[in-house]
Amino acid sequence: MQRRDFLQATCGALAYAGIFMPSGISANVNKPLIGFKQVPPSTQDKVIVPDGYEVRKLISWADPLFSKATPFDENKIIDKNAVENAKLTFGDNTDGMTWFDIDENRAILAVNNEYINPEIMFNHQGKNMSLDDVYYEQNSMGVSIFEIAKNQDGFFSVVLDSPYNRKITARTPIDIQGPARGHKLLKTRADKSGVRVLGTINNCASGKTPWGTYLTCEENFDDFFGSSDENYAFNPSQKRYGLSIKGENYEWKLDERFDIAKNENEPNRFGWVVEIDPYNPNSTPIKRTALGRLKHENAEVVIAKDGKIVVYMGDDEANEFIYKFVSKAKYNPNKPNRDILNEGTLYAAKFIDTKDFEGVGEWVALEYGKNGLDETNGFYNQGDVLIHARLAASVVGATPMDRPEWIAADPNGKYIYATLTNNTKRTQTNASNPRNKNIYGHIIRWHPKGDHTSTSFRWDIFLLAGNPLKYPNDLRKGTSNINVENMFNSPDGLKFDKFGRLWIQTDGKYSNKDDYEGMGNNQMLCADPITAQVRRFLTGPIACEITGIAFNLDYTTMFVGIQHPGENLANSHYPNGKSSTPRSTIVQIRKKDGGVIGS
């Protein structure tokens, strides 16, 4: 298929249906999968949902999880009391989240708190950081776990003092397991054995295991490291993972643990997938090193036909890779399966072009002693391969992608979808990444030849985001299912509901001008994988990202994260209005008739 034909096709996804249609699925023309009326783009400072729906706040940054906690202080006085109080309240910048059942009216939400915005958090806007400020930030990040219960009106409320409620922060003890446990590059002055680290940070998206645990994924950890030695010489691996003298100016090097000049191995202890048991508040989280060290977005877990666990993952940076992990052991629903993620094979994806926008691919094993991963390329054991997973994937020839973010498995078929958010650094195109300086992003999908453990797959592009208003005659227009009514940029969050609807969340430019004219604030859309129809379901407040999605048991309530409203001191006062501080918030959405969301 030629590019011009792709753009002119009645529906980009249907152009490949004869090749890729998942087994057991057929479009029901009498009952459309998407039943709501699309909302228009918005630049308002609020969450807007379709007619027939209502939205309500569940929890905001610094709201109490325990009755003894002090509620949010608009005066922003940070002292040792505030530092301790932060461990008792909901963290900042909500991101990936997962629902864990207790009963039909009660559940546990496990929620990532990815990072912080000093310009919002402090009166000094991050310009005069103290060590207490750093500790306050550290206790405001990580993971918040709390119980929620359904009210008589169908909405949910946080259950204060629930035995399930807890915070896992940048200072919480966490075990290291898997092949890299005890590796010399994980040893520090404080942990000479390399088996236990303090904290998890930059927790982006997440995953859920069949045995009922939460997978939280560490992403841009490099932002929080710096060096007191301005002449510190970074090695190739440190450079590849983005470490620098100043980091992102969070000034965490005031805590010597985050000063590379004094603790050069500490960054190696971040960038992992962390497994947490939300049902046991006394359990110790575990960093599962077999899944590789990278800037993880989420961890999409599927069970292969032979019972092995497969975890799909994206590395969120320009020209990085897509990965999957295949467990050695098989899942047994009658056993705990607690250590099944400790052994297995990590693979990186190679996308091979066969024609425009489609092709085949292979998963290349990242195993010590294979595919060039040996002493000649600087790898001396499997721990080296996993700690330097990015370098290993380059050695085996994985395909650099346009910022791989969330990955989602279609519950009705074999397809796996991945958002490629954008890549302004791309200078050489290929069929899987067809645009130079890709400012709008796209969604790619693949299905294995056989089962998820297969090392071969076929792929196509499901959607190119774009702006047909500004660029009606080239690839920046997007695919034919993108039009002036539903256009968006930078797809990020991605999740299927059990009915097969694909929910797409954006983290892009919200200037609403120039290349982004007509797109408004960040948003959430819904796609039908069979017809490729896309409709806008939600728009967020000023300067926010829409990220994180969960559903209750009967899919009549949807939970959505509103991250960093008002970032960079943009004029937002969400969610409380007036002159209040903008605060990251989880909202809950219901249909007024009590029906299934999206129907």
# chains A, B, ... in the order shown; residues from 1 in each chain; ligands from 1
>>> closest_atom_pairs(of="segment 159-251 of chain A", to="segment 538-550 of chain A", cutoff="12 Å", atoms="only C-alpha atoms", output="tab-separated table")
residue	atom	partner	partner_atom	distance
A:Asn203	CA	A:Gly548	CA	11.6
A:Cys204	CA	A:Gly548	CA	9.1
A:Ala205	CA	A:Gly548	CA	7.2
A:Ser206	CA	A:Gly548	CA	8.7
A:Gly207	CA	A:Gly548	CA	11.0
A:Lys208	CA	A:Ala550	CA	11.3
>>> write_last_selection(atoms="C-alpha atoms", output="tab-separated table (two decimals), in the first residue's frame")
chain	number	residue	atom	x	y	z
A	203	ASN	CA	6.59	5.74	38.73
A	204	CYS	CA	4.93	6.21	35.39
A	205	ALA	CA	2.43	3.58	34.30
A	206	SER	CA	1.67	0.19	35.75
A	207	GLY	CA	0.44	-3.35	35.31
A	208	LYS	CA	-1.46	-6.09	37.12
>>> residues_around(residues="Ser162 of chain A", least_positions_apart="4", cutoff="8 Å", atoms="only C-alpha atoms", output="list in words")
Phe66, Phe146 and Glu147 of chain A
>>> residues_around(residues="Gly359 of chain A", least_positions_apart="3", cutoff="7 Å", atoms="only C-alpha atoms", output="ChimeraX atom specification")
/A:352-355,458-460
>>> write_last_selection(atoms="all heavy atoms", output="CSV table (one decimal), in the first residue's frame")
chain,number,residue,atom,x,y,z
A,352,ILE,N,10.6,-5.0,10.9
A,352,ILE,CA,11.1,-5.1,9.5
A,352,ILE,C,10.1,-4.7,8.5
A,352,ILE,O,8.9,-5.2,8.6
A,352,ILE,CB,11.5,-6.6,9.3
A,352,ILE,CG1,12.6,-7.0,10.3
A,352,ILE,CG2,12.1,-6.8,7.9
A,352,ILE,CD1,12.8,-8.5,10.4
A,353,ASP,N,10.4,-3.8,7.7
A,353,ASP,CA,9.4,-3.3,6.7
A,353,ASP,C,9.2,-4.3,5.6
A,353,ASP,O,10.1,-4.9,5.1
A,353,ASP,CB,10.0,-2.0,6.0
A,353,ASP,CG,10.4,-0.9,7.0
A,353,ASP,OD1,10.0,-1.1,8.2
A,353,ASP,OD2,11.0,0.1,6.7
A,354,THR,N,7.9,-4.4,5.2
A,354,THR,CA,7.6,-5.2,4.0
A,354,THR,C,7.0,-4.2,2.9
A,354,THR,O,7.1,-4.4,1.7
A,354,THR,CB,6.7,-6.4,4.2
A,354,THR,OG1,5.5,-5.9,4.9
A,354,THR,CG2,7.4,-7.4,5.2
A,355,LYS,N,6.2,-3.3,3.4
A,355,LYS,CA,5.7,-2.2,2.6
A,355,LYS,C,5.3,-1.1,3.5
A,355,LYS,O,5.5,-1.1,4.7
A,355,LYS,CB,4.5,-2.7,1.8
A,355,LYS,CG,3.3,-3.3,2.6
A,355,LYS,CD,2.2,-3.8,1.8
A,355,LYS,CE,2.5,-5.1,1.1
A,355,LYS,NZ,1.3,-5.6,0.3
A,458,ARG,N,3.7,-10.0,13.1
A,458,ARG,CA,3.4,-9.1,12.0
A,458,ARG,C,2.8,-7.9,12.6
A,458,ARG,O,2.2,-7.9,13.7
A,458,ARG,CB,2.3,-9.8,11.1
A,458,ARG,CG,2.8,-11.0,10.3
A,458,ARG,CD,1.8,-11.5,9.4
A,458,ARG,NE,1.5,-10.6,8.3
A,458,ARG,CZ,2.2,-10.5,7.2
A,458,ARG,NH1,3.2,-11.3,7.0
A,458,ARG,NH2,1.8,-9.6,6.3
A,459,TRP,N,3.0,-6.7,12.0
A,459,TRP,CA,2.6,-5.4,12.5
A,459,TRP,C,2.0,-4.5,11.5
A,459,TRP,O,2.3,-4.7,10.3
A,459,TRP,CB,3.8,-4.7,13.2
A,459,TRP,CG,4.9,-4.4,12.2
A,459,TRP,CD1,6.0,-5.1,11.9
A,459,TRP,CD2,5.0,-3.2,11.5
A,459,TRP,NE1,6.8,-4.4,11.0
A,459,TRP,CE2,6.2,-3.2,10.7
A,459,TRP,CE3,4.2,-2.0,11.3
A,459,TRP,CZ2,6.6,-2.2,9.8
A,459,TRP,CZ3,4.6,-1.0,10.5
A,459,TRP,CH2,5.7,-1.1,9.7
A,460,ASP,N,1.2,-3.6,11.9
A,460,ASP,CA,0.8,-2.5,11.1
A,460,ASP,C,0.6,-1.2,11.9
A,460,ASP,O,0.7,-1.3,13.2
A,460,ASP,CB,-0.4,-2.8,10.2
A,460,ASP,CG,-1.7,-2.8,11.1
A,460,ASP,OD1,-1.7,-2.8,12.3
A,460,ASP,OD2,-2.8,-2.9,10.5
>>> residues_around(residues="Tyr312 of chain A", least_positions_apart="6", cutoff="8 Å", atoms="only C-alpha atoms", output="list in words")
Ala299, Glu300, Val301, Ile322, Tyr323, Lys324, Phe325 and Ile407 of chain A
>>> write_last_selection(atoms="C-alpha atoms", output="short mmCIF file (atom, residue, chain, number, x, y, z; two decimals), in the first residue's frame")
data_model
loop_
_atom_site.label_atom_id
_atom_site.label_comp_id
_atom_site.auth_asym_id
_atom_site.auth_seq_id
_atom_site.Cartn_x
_atom_site.Cartn_y
_atom_site.Cartn_z
CA ALA A 299 3.93 -3.42 31.98
CA GLU A 300 1.17 -5.20 30.05
CA VAL A 301 0.83 -8.77 31.31
CA ILE A 322 9.95 -1.99 22.72
CA TYR A 323 10.60 -5.04 24.92
CA LYS A 324 8.92 -8.18 26.14
CA PHE A 325 9.74 -10.62 28.94
CA ILE A 407 1.21 -0.99 25.61
#
>>> atom_distance(atom1="atom CA of Glu104 of chain A", atom2="atom CA of Asn332 of chain A")
25.3 Å
>>> residues_around(residues="Arg106 of chain A", least_positions_apart="2", cutoff="6 Å", atoms="only C-alpha atoms", output="CSV table (one decimal) with N, CA, C and O atoms, in the first residue's frame")
chain,number,residue,atom,x,y,z
A,102,ILE,N,-12.0,-6.0,46.5
A,102,ILE,CA,-12.2,-6.5,47.8
A,102,ILE,C,-13.6,-7.2,47.8
A,102,ILE,O,-13.7,-8.4,48.1
A,103,ASP,N,-14.6,-6.5,47.5
A,103,ASP,CA,-16.0,-7.1,47.2
A,103,ASP,C,-16.6,-6.2,46.2
A,103,ASP,O,-16.0,-5.3,45.6
A,104,GLU,N,-17.9,-6.4,45.9
A,104,GLU,CA,-18.6,-5.7,44.9
A,104,GLU,C,-18.7,-4.2,45.1
A,104,GLU,O,-18.9,-3.4,44.2
A,148,ILE,N,-11.2,2.2,48.6
A,148,ILE,CA,-12.3,3.1,48.3
A,148,ILE,C,-13.6,2.3,48.4
A,148,ILE,O,-13.6,1.0,48.3
A,149,ALA,N,-14.7,2.9,48.7
A,149,ALA,CA,-16.0,2.2,48.9
A,149,ALA,C,-17.1,3.0,48.2
A,149,ALA,O,-17.1,4.2,48.1
>>> select_by_dssp(residues="segment 126-227 of chain A", states="alpha helix (DSSP H)", output="PyMOL selection string")
chain A and resi 131-139
>>> write_last_selection(atoms="C-alpha atoms", output="compact mmCIF listing (two decimals), in the first residue's frame")
# COMPACT_ATOMS: atom_id res chain seq x y z
CA LEU A 131 17.06 19.22 52.52
CA ASP A 132 13.61 19.16 54.17
CA ASP A 133 12.13 20.28 50.85
CA VAL A 134 13.88 17.37 49.14
CA TYR A 135 12.57 14.91 51.75
CA TYR A 136 9.07 16.35 51.32
CA GLU A 137 9.31 15.76 47.57
CA GLN A 138 10.60 12.24 48.14
CA ASN A 139 7.63 11.42 50.37
>>> residues_around(residues="Asp95 of chain A", least_positions_apart="2", cutoff="12 Å", atoms="only C-alpha atoms", output="ChimeraX atom specification")
/A:61,91-93,97-98,109-116,141-144,202-207,216-219,297-298,406,492-493,505,507,544-550,559-564,584-586
>>> write_last_selection(atoms="N, CA and C atoms", output="short mmCIF file (atom, residue, chain, number, x, y, z; two decimals), in the first residue's frame")
data_model
loop_
_atom_site.label_atom_id
_atom_site.label_comp_id
_atom_site.auth_asym_id
_atom_site.auth_seq_id
_atom_site.Cartn_x
_atom_site.Cartn_y
_atom_site.Cartn_z
N TRP A 61 -3.84 15.54 45.17
CA TRP A 61 -2.55 15.58 45.85
C TRP A 61 -2.71 16.18 47.25
N GLY A 91 -0.07 11.11 47.09
CA GLY A 91 1.10 11.71 46.47
C GLY A 91 0.75 12.62 45.30
N ASP A 92 1.78 13.23 44.75
CA ASP A 92 1.60 14.21 43.68
C ASP A 92 1.63 13.51 42.31
N ASN A 93 1.12 14.21 41.32
CA ASN A 93 1.19 13.80 39.91
C ASN A 93 0.78 12.34 39.69
N MET A 97 -2.72 3.60 37.29
CA MET A 97 -3.46 3.11 38.45
C MET A 97 -4.13 1.78 38.11
N THR A 98 -4.40 0.99 39.14
CA THR A 98 -5.02 -0.32 38.96
C THR A 98 -6.01 -0.59 40.08
N LEU A 109 -7.32 0.88 45.34
CA LEU A 109 -6.67 1.51 44.19
C LEU A 109 -5.18 1.64 44.49
N ALA A 110 -4.36 1.14 43.59
CA ALA A 110 -2.92 1.36 43.65
C ALA A 110 -2.60 2.39 42.57
N VAL A 111 -1.97 3.50 42.98
CA VAL A 111 -1.80 4.64 42.08
C VAL A 111 -0.35 5.13 42.10
N ASN A 112 0.22 5.31 40.93
CA ASN A 112 1.56 5.89 40.83
C ASN A 112 1.53 7.39 41.08
N ASN A 113 2.55 7.88 41.75
CA ASN A 113 2.78 9.33 41.91
C ASN A 113 4.13 9.63 41.27
N GLU A 114 4.08 10.04 40.01
CA GLU A 114 5.26 10.00 39.15
C GLU A 114 6.36 10.97 39.56
N TYR A 115 6.03 12.22 39.73
CA TYR A 115 7.06 13.22 40.06
C TYR A 115 6.39 14.40 40.74
N ILE A 116 7.07 15.52 40.83
CA ILE A 116 6.52 16.69 41.51
C ILE A 116 6.79 17.93 40.66
N MET A 141 6.28 11.27 46.28
CA MET A 141 6.41 10.46 45.08
C MET A 141 6.30 8.99 45.44
N GLY A 142 6.23 8.14 44.41
CA GLY A 142 6.17 6.71 44.65
C GLY A 142 4.82 6.13 44.29
N VAL A 143 4.19 5.46 45.26
CA VAL A 143 2.90 4.80 45.04
C VAL A 143 2.00 5.05 46.24
N SER A 144 0.75 5.44 45.96
CA SER A 144 -0.27 5.55 47.00
C SER A 144 -1.24 4.39 46.85
N ASN A 202 9.73 8.15 40.05
CA ASN A 202 9.31 8.36 38.66
C ASN A 202 8.45 7.20 38.17
N ASN A 203 7.49 6.85 39.02
CA ASN A 203 6.59 5.74 38.73
C ASN A 203 5.56 6.18 37.72
N CYS A 204 5.77 5.75 36.49
CA CYS A 204 4.93 6.21 35.39
C CYS A 204 3.67 5.36 35.30
N ALA A 205 3.63 4.39 34.41
CA ALA A 205 2.43 3.58 34.30
C ALA A 205 2.62 2.27 35.06
N SER A 206 1.73 1.31 34.83
CA SER A 206 1.67 0.19 35.75
C SER A 206 1.18 -1.07 35.05
N GLY A 207 0.98 -2.11 35.81
CA GLY A 207 0.44 -3.35 35.31
C GLY A 207 -0.13 -4.16 36.47
N THR A 216 4.56 -1.49 39.30
CA THR A 216 4.79 -0.07 39.09
C THR A 216 6.12 0.11 38.37
N CYS A 217 6.17 1.03 37.42
CA CYS A 217 7.27 1.10 36.47
C CYS A 217 8.03 2.41 36.60
N GLU A 218 9.32 2.31 36.83
CA GLU A 218 10.17 3.48 37.04
C GLU A 218 10.62 4.03 35.69
N GLU A 219 10.42 5.33 35.50
CA GLU A 219 10.71 5.94 34.20
C GLU A 219 11.90 6.89 34.29
N GLU A 297 7.48 2.58 30.82
CA GLU A 297 6.19 3.25 30.79
C GLU A 297 5.16 2.40 31.53
N ASN A 298 4.75 1.27 30.95
CA ASN A 298 3.87 0.37 31.70
C ASN A 298 4.34 -1.07 31.50
N TRP A 406 2.72 3.55 26.52
CA TRP A 406 1.88 2.47 27.03
C TRP A 406 1.67 1.39 25.97
N ASP A 492 -0.55 8.70 24.55
CA ASP A 492 0.31 8.25 25.65
C ASP A 492 -0.34 7.08 26.35
N GLY A 493 -1.26 7.36 27.29
CA GLY A 493 -1.96 6.29 28.00
C GLY A 493 -2.81 5.46 27.05
N GLN A 505 -5.19 8.20 25.88
CA GLN A 505 -4.98 9.43 26.64
C GLN A 505 -3.79 10.18 26.08
N ASP A 507 -0.66 13.23 26.15
CA ASP A 507 0.29 14.05 26.90
C ASP A 507 1.08 14.85 25.88
N CYS A 544 -2.67 20.33 31.82
CA CYS A 544 -2.60 19.00 32.42
C CYS A 544 -2.21 17.95 31.40
N GLU A 545 -1.87 16.78 31.88
CA GLU A 545 -1.78 15.54 31.11
C GLU A 545 -2.90 14.64 31.58
N ILE A 546 -3.51 13.90 30.66
CA ILE A 546 -4.50 12.90 31.04
C ILE A 546 -3.77 11.56 31.09
N THR A 547 -3.79 10.91 32.25
CA THR A 547 -3.01 9.68 32.38
C THR A 547 -3.55 8.82 33.50
N GLY A 548 -3.55 7.53 33.30
CA GLY A 548 -4.05 6.59 34.29
C GLY A 548 -5.53 6.34 34.10
N ILE A 549 -5.92 5.07 34.08
CA ILE A 549 -7.31 4.72 33.87
C ILE A 549 -7.60 3.39 34.56
N ALA A 550 -8.75 3.32 35.21
CA ALA A 550 -9.19 2.09 35.86
C ALA A 550 -10.72 2.06 35.83
N PHE A 559 -12.20 5.63 36.43
CA PHE A 559 -11.30 6.51 37.19
C PHE A 559 -10.20 6.99 36.24
N VAL A 560 -9.96 8.30 36.22
CA VAL A 560 -9.02 8.90 35.29
C VAL A 560 -8.13 9.88 36.04
N GLY A 561 -6.84 9.90 35.71
CA GLY A 561 -5.90 10.80 36.36
C GLY A 561 -5.72 12.11 35.61
N ILE A 562 -5.73 13.20 36.37
CA ILE A 562 -5.45 14.54 35.84
C ILE A 562 -4.12 14.98 36.45
N GLN A 563 -3.06 14.90 35.64
CA GLN A 563 -1.72 15.15 36.16
C GLN A 563 -1.26 16.58 35.83
N HIS A 564 -0.55 17.16 36.77
CA HIS A 564 0.11 18.48 36.70
C HIS A 564 -0.73 19.59 36.05
N SER A 584 -2.85 17.86 41.21
CA SER A 584 -3.08 16.60 40.52
C SER A 584 -4.22 15.85 41.19
N THR A 585 -5.12 15.27 40.38
CA THR A 585 -6.38 14.74 40.90
C THR A 585 -6.81 13.49 40.15
N ILE A 586 -7.42 12.56 40.85
CA ILE A 586 -8.14 11.46 40.21
C ILE A 586 -9.62 11.80 40.21
#
>>> closest_atom_pairs(of="segment 200-309 of chain A", to="segment 334-343 of chain A", cutoff="7 Å", atoms="only C-alpha atoms", output="Markdown table")
| residue | atom | partner | partner_atom | distance |
| --- | --- | --- | --- | --- |
| A:Trp211 | CA | A:Asn337 | CA | 6.8 |
| A:Arg288 | CA | A:Asn342 | CA | 6.2 |
| A:Ala290 | CA | A:Asn342 | CA | 5.7 |
>>> write_last_selection(atoms="N, CA and C atoms", output="mmCIF file, in the first residue's frame")
data_model
loop_
_atom_site.group_PDB
_atom_site.id
_atom_site.type_symbol
_atom_site.label_atom_id
_atom_site.label_comp_id
_atom_site.auth_asym_id
_atom_site.auth_seq_id
_atom_site.Cartn_x
_atom_site.Cartn_y
_atom_site.Cartn_z
ATOM 1 N N TRP A 211 -1.856 -13.043 39.520
ATOM 2 C CA TRP A 211 -1.893 -13.468 40.916
ATOM 3 C C TRP A 211 -2.185 -12.306 41.862
ATOM 4 N N ARG A 288 12.076 -6.238 40.181
ATOM 5 C CA ARG A 288 12.256 -7.457 39.398
ATOM 6 C C ARG A 288 13.235 -7.168 38.252
ATOM 7 N N ALA A 290 14.855 -9.031 36.223
ATOM 8 C CA ALA A 290 14.802 -9.825 34.990
ATOM 9 C C ALA A 290 14.058 -9.095 33.875
#
>>> closest_residue(among="A:Ser599, A:Ser157, A:Ser283, A:Thr43", to="Asn522 of chain A", atoms="only C-alpha atoms")
A:Thr43
>>> closest_residue(among="A:Ala408, A:Val360, A:Ile416, A:Ile530", to="Phe496 of chain A", atoms="only C-alpha atoms")
A:Ala408
>>> atom_distance(atom1="atom CA of Thr581 of chain A", atom2="atom CA of Gly247 of chain A")
26.0 Å
>>> residues_around(residues="Asn123 of chain A", least_positions_apart="3", cutoff="12 Å", atoms="only C-alpha atoms", output="PDB file with N, CA and C atoms, in the first residue's frame")
ATOM      1  N   ASP A  73      -2.141  22.206  52.817  1.00  0.00           N
ATOM      2  CA  ASP A  73      -1.877  23.524  53.389  1.00  0.00           C
ATOM      3  C   ASP A  73      -1.616  24.513  52.256  1.00  0.00           C
ATOM      4  N   GLU A  74      -2.556  25.392  51.998  1.00  0.00           N
ATOM      5  CA  GLU A  74      -2.374  26.400  50.944  1.00  0.00           C
ATOM      6  C   GLU A  74      -1.217  27.346  51.246  1.00  0.00           C
ATOM      7  N   ASN A  75      -0.797  27.401  52.512  1.00  0.00           N
ATOM      8  CA  ASN A  75       0.345  28.250  52.863  1.00  0.00           C
ATOM      9  C   ASN A  75       1.673  27.607  52.492  1.00  0.00           C
ATOM     10  N   LYS A  76       1.655  26.297  52.232  1.00  0.00           N
ATOM     11  CA  LYS A  76       2.831  25.550  51.769  1.00  0.00           C
ATOM     12  C   LYS A  76       4.031  25.735  52.705  1.00  0.00           C
ATOM     13  N   ILE A  77       3.786  25.517  53.985  1.00  0.00           N
ATOM     14  CA  ILE A  77       4.862  25.583  54.964  1.00  0.00           C
ATOM     15  C   ILE A  77       5.499  24.198  55.054  1.00  0.00           C
ATOM     16  N   ILE A  78       6.757  24.093  54.645  1.00  0.00           N
ATOM     17  CA  ILE A  78       7.446  22.808  54.614  1.00  0.00           C
ATOM     18  C   ILE A  78       8.452  22.763  55.764  1.00  0.00           C
ATOM     19  N   ASN A 117       6.052  19.000  40.941  1.00  0.00           N
ATOM     20  CA  ASN A 117       6.257  20.286  40.281  1.00  0.00           C
ATOM     21  C   ASN A 117       6.669  21.315  41.338  1.00  0.00           C
ATOM     22  N   PRO A 118       7.974  21.559  41.508  1.00  0.00           N
ATOM     23  CA  PRO A 118       8.418  22.490  42.544  1.00  0.00           C
ATOM     24  C   PRO A 118       7.817  23.882  42.387  1.00  0.00           C
ATOM     25  N   GLU A 119       7.572  24.308  41.139  1.00  0.00           N
ATOM     26  CA  GLU A 119       7.011  25.648  40.938  1.00  0.00           C
ATOM     27  C   GLU A 119       5.611  25.777  41.513  1.00  0.00           C
ATOM     28  N   ILE A 120       4.936  24.648  41.727  1.00  0.00           N
ATOM     29  CA  ILE A 120       3.602  24.635  42.335  1.00  0.00           C
ATOM     30  C   ILE A 120       3.681  24.252  43.812  1.00  0.00           C
ATOM     31  N   GLY A 126      10.701  26.226  44.014  1.00  0.00           N
ATOM     32  CA  GLY A 126      11.845  25.356  43.756  1.00  0.00           C
ATOM     33  C   GLY A 126      13.154  26.084  43.595  1.00  0.00           C
ATOM     34  N   LYS A 127      13.191  27.360  43.879  1.00  0.00           N
ATOM     35  CA  LYS A 127      14.396  28.162  43.646  1.00  0.00           C
ATOM     36  C   LYS A 127      15.306  28.266  44.862  1.00  0.00           C
ATOM     37  N   ASN A 128      14.863  27.754  46.004  1.00  0.00           N
ATOM     38  CA  ASN A 128      15.665  27.866  47.225  1.00  0.00           C
ATOM     39  C   ASN A 128      15.484  26.596  48.047  1.00  0.00           C
ATOM     40  N   MET A 129      15.859  25.457  47.450  1.00  0.00           N
ATOM     41  CA  MET A 129      15.570  24.161  48.046  1.00  0.00           C
ATOM     42  C   MET A 129      16.418  23.893  49.285  1.00  0.00           C
ATOM     43  N   ASP A 133      12.921  20.201  52.084  1.00  0.00           N
ATOM     44  CA  ASP A 133      12.133  20.276  50.854  1.00  0.00           C
ATOM     45  C   ASP A 133      12.329  19.019  50.009  1.00  0.00           C
ATOM     46  N   LEU A 569       3.477  27.152  35.961  1.00  0.00           N
ATOM     47  CA  LEU A 569       2.706  28.308  36.442  1.00  0.00           C
ATOM     48  C   LEU A 569       1.652  28.768  35.432  1.00  0.00           C
ATOM     49  N   THR A 581      -4.402  26.489  44.771  1.00  0.00           N
ATOM     50  CA  THR A 581      -3.273  25.838  44.112  1.00  0.00           C
ATOM     51  C   THR A 581      -3.776  24.722  43.201  1.00  0.00           C
TER      52      THR A 581
END
>>> closest_residue(among="A:Asp51, A:Asp223, A:Asp153, A:Asp497", to="Gly242 of chain A", atoms="only C-alpha atoms")
A:Asp223
>>> decode(residues="segment 430-434 of chain A", atoms="all heavy atoms", output="short mmCIF file (atom, residue, chain, number, x, y, z; two decimals), in the first residue's frame")
data_model
loop_
_atom_site.label_atom_id
_atom_site.label_comp_id
_atom_site.auth_asym_id
_atom_site.auth_seq_id
_atom_site.Cartn_x
_atom_site.Cartn_y
_atom_site.Cartn_z
N ASN A 430 11.19 5.01 8.56
CA ASN A 430 10.99 3.64 8.11
C ASN A 430 9.48 3.38 8.16
O ASN A 430 8.71 4.26 8.55
CB ASN A 430 11.78 2.65 8.96
CG ASN A 430 11.53 2.82 10.45
OD1 ASN A 430 10.39 2.92 10.88
ND2 ASN A 430 12.60 2.86 11.22
N ALA A 431 9.05 2.21 7.76
CA ALA A 431 7.62 1.95 7.68
C ALA A 431 6.94 2.02 9.04
O ALA A 431 5.79 2.46 9.16
CB ALA A 431 7.36 0.58 7.04
N SER A 432 7.63 1.62 10.11
CA SER A 432 7.03 1.64 11.44
C SER A 432 7.11 3.00 12.10
O SER A 432 6.38 3.27 13.07
CB SER A 432 7.69 0.59 12.33
OG SER A 432 9.09 0.78 12.39
N ASN A 433 7.97 3.88 11.60
CA ASN A 433 8.11 5.25 12.10
C ASN A 433 8.20 6.16 10.88
O ASN A 433 9.30 6.59 10.50
CB ASN A 433 9.34 5.38 12.98
CG ASN A 433 9.33 4.45 14.17
OD1 ASN A 433 8.79 4.78 15.23
ND2 ASN A 433 9.92 3.27 14.01
N PRO A 434 7.06 6.45 10.22
CA PRO A 434 7.11 6.99 8.85
C PRO A 434 7.28 8.49 8.72
O PRO A 434 7.28 8.99 7.59
CB PRO A 434 5.74 6.57 8.30
CG PRO A 434 4.84 6.56 9.49
CD PRO A 434 5.70 6.08 10.63
#
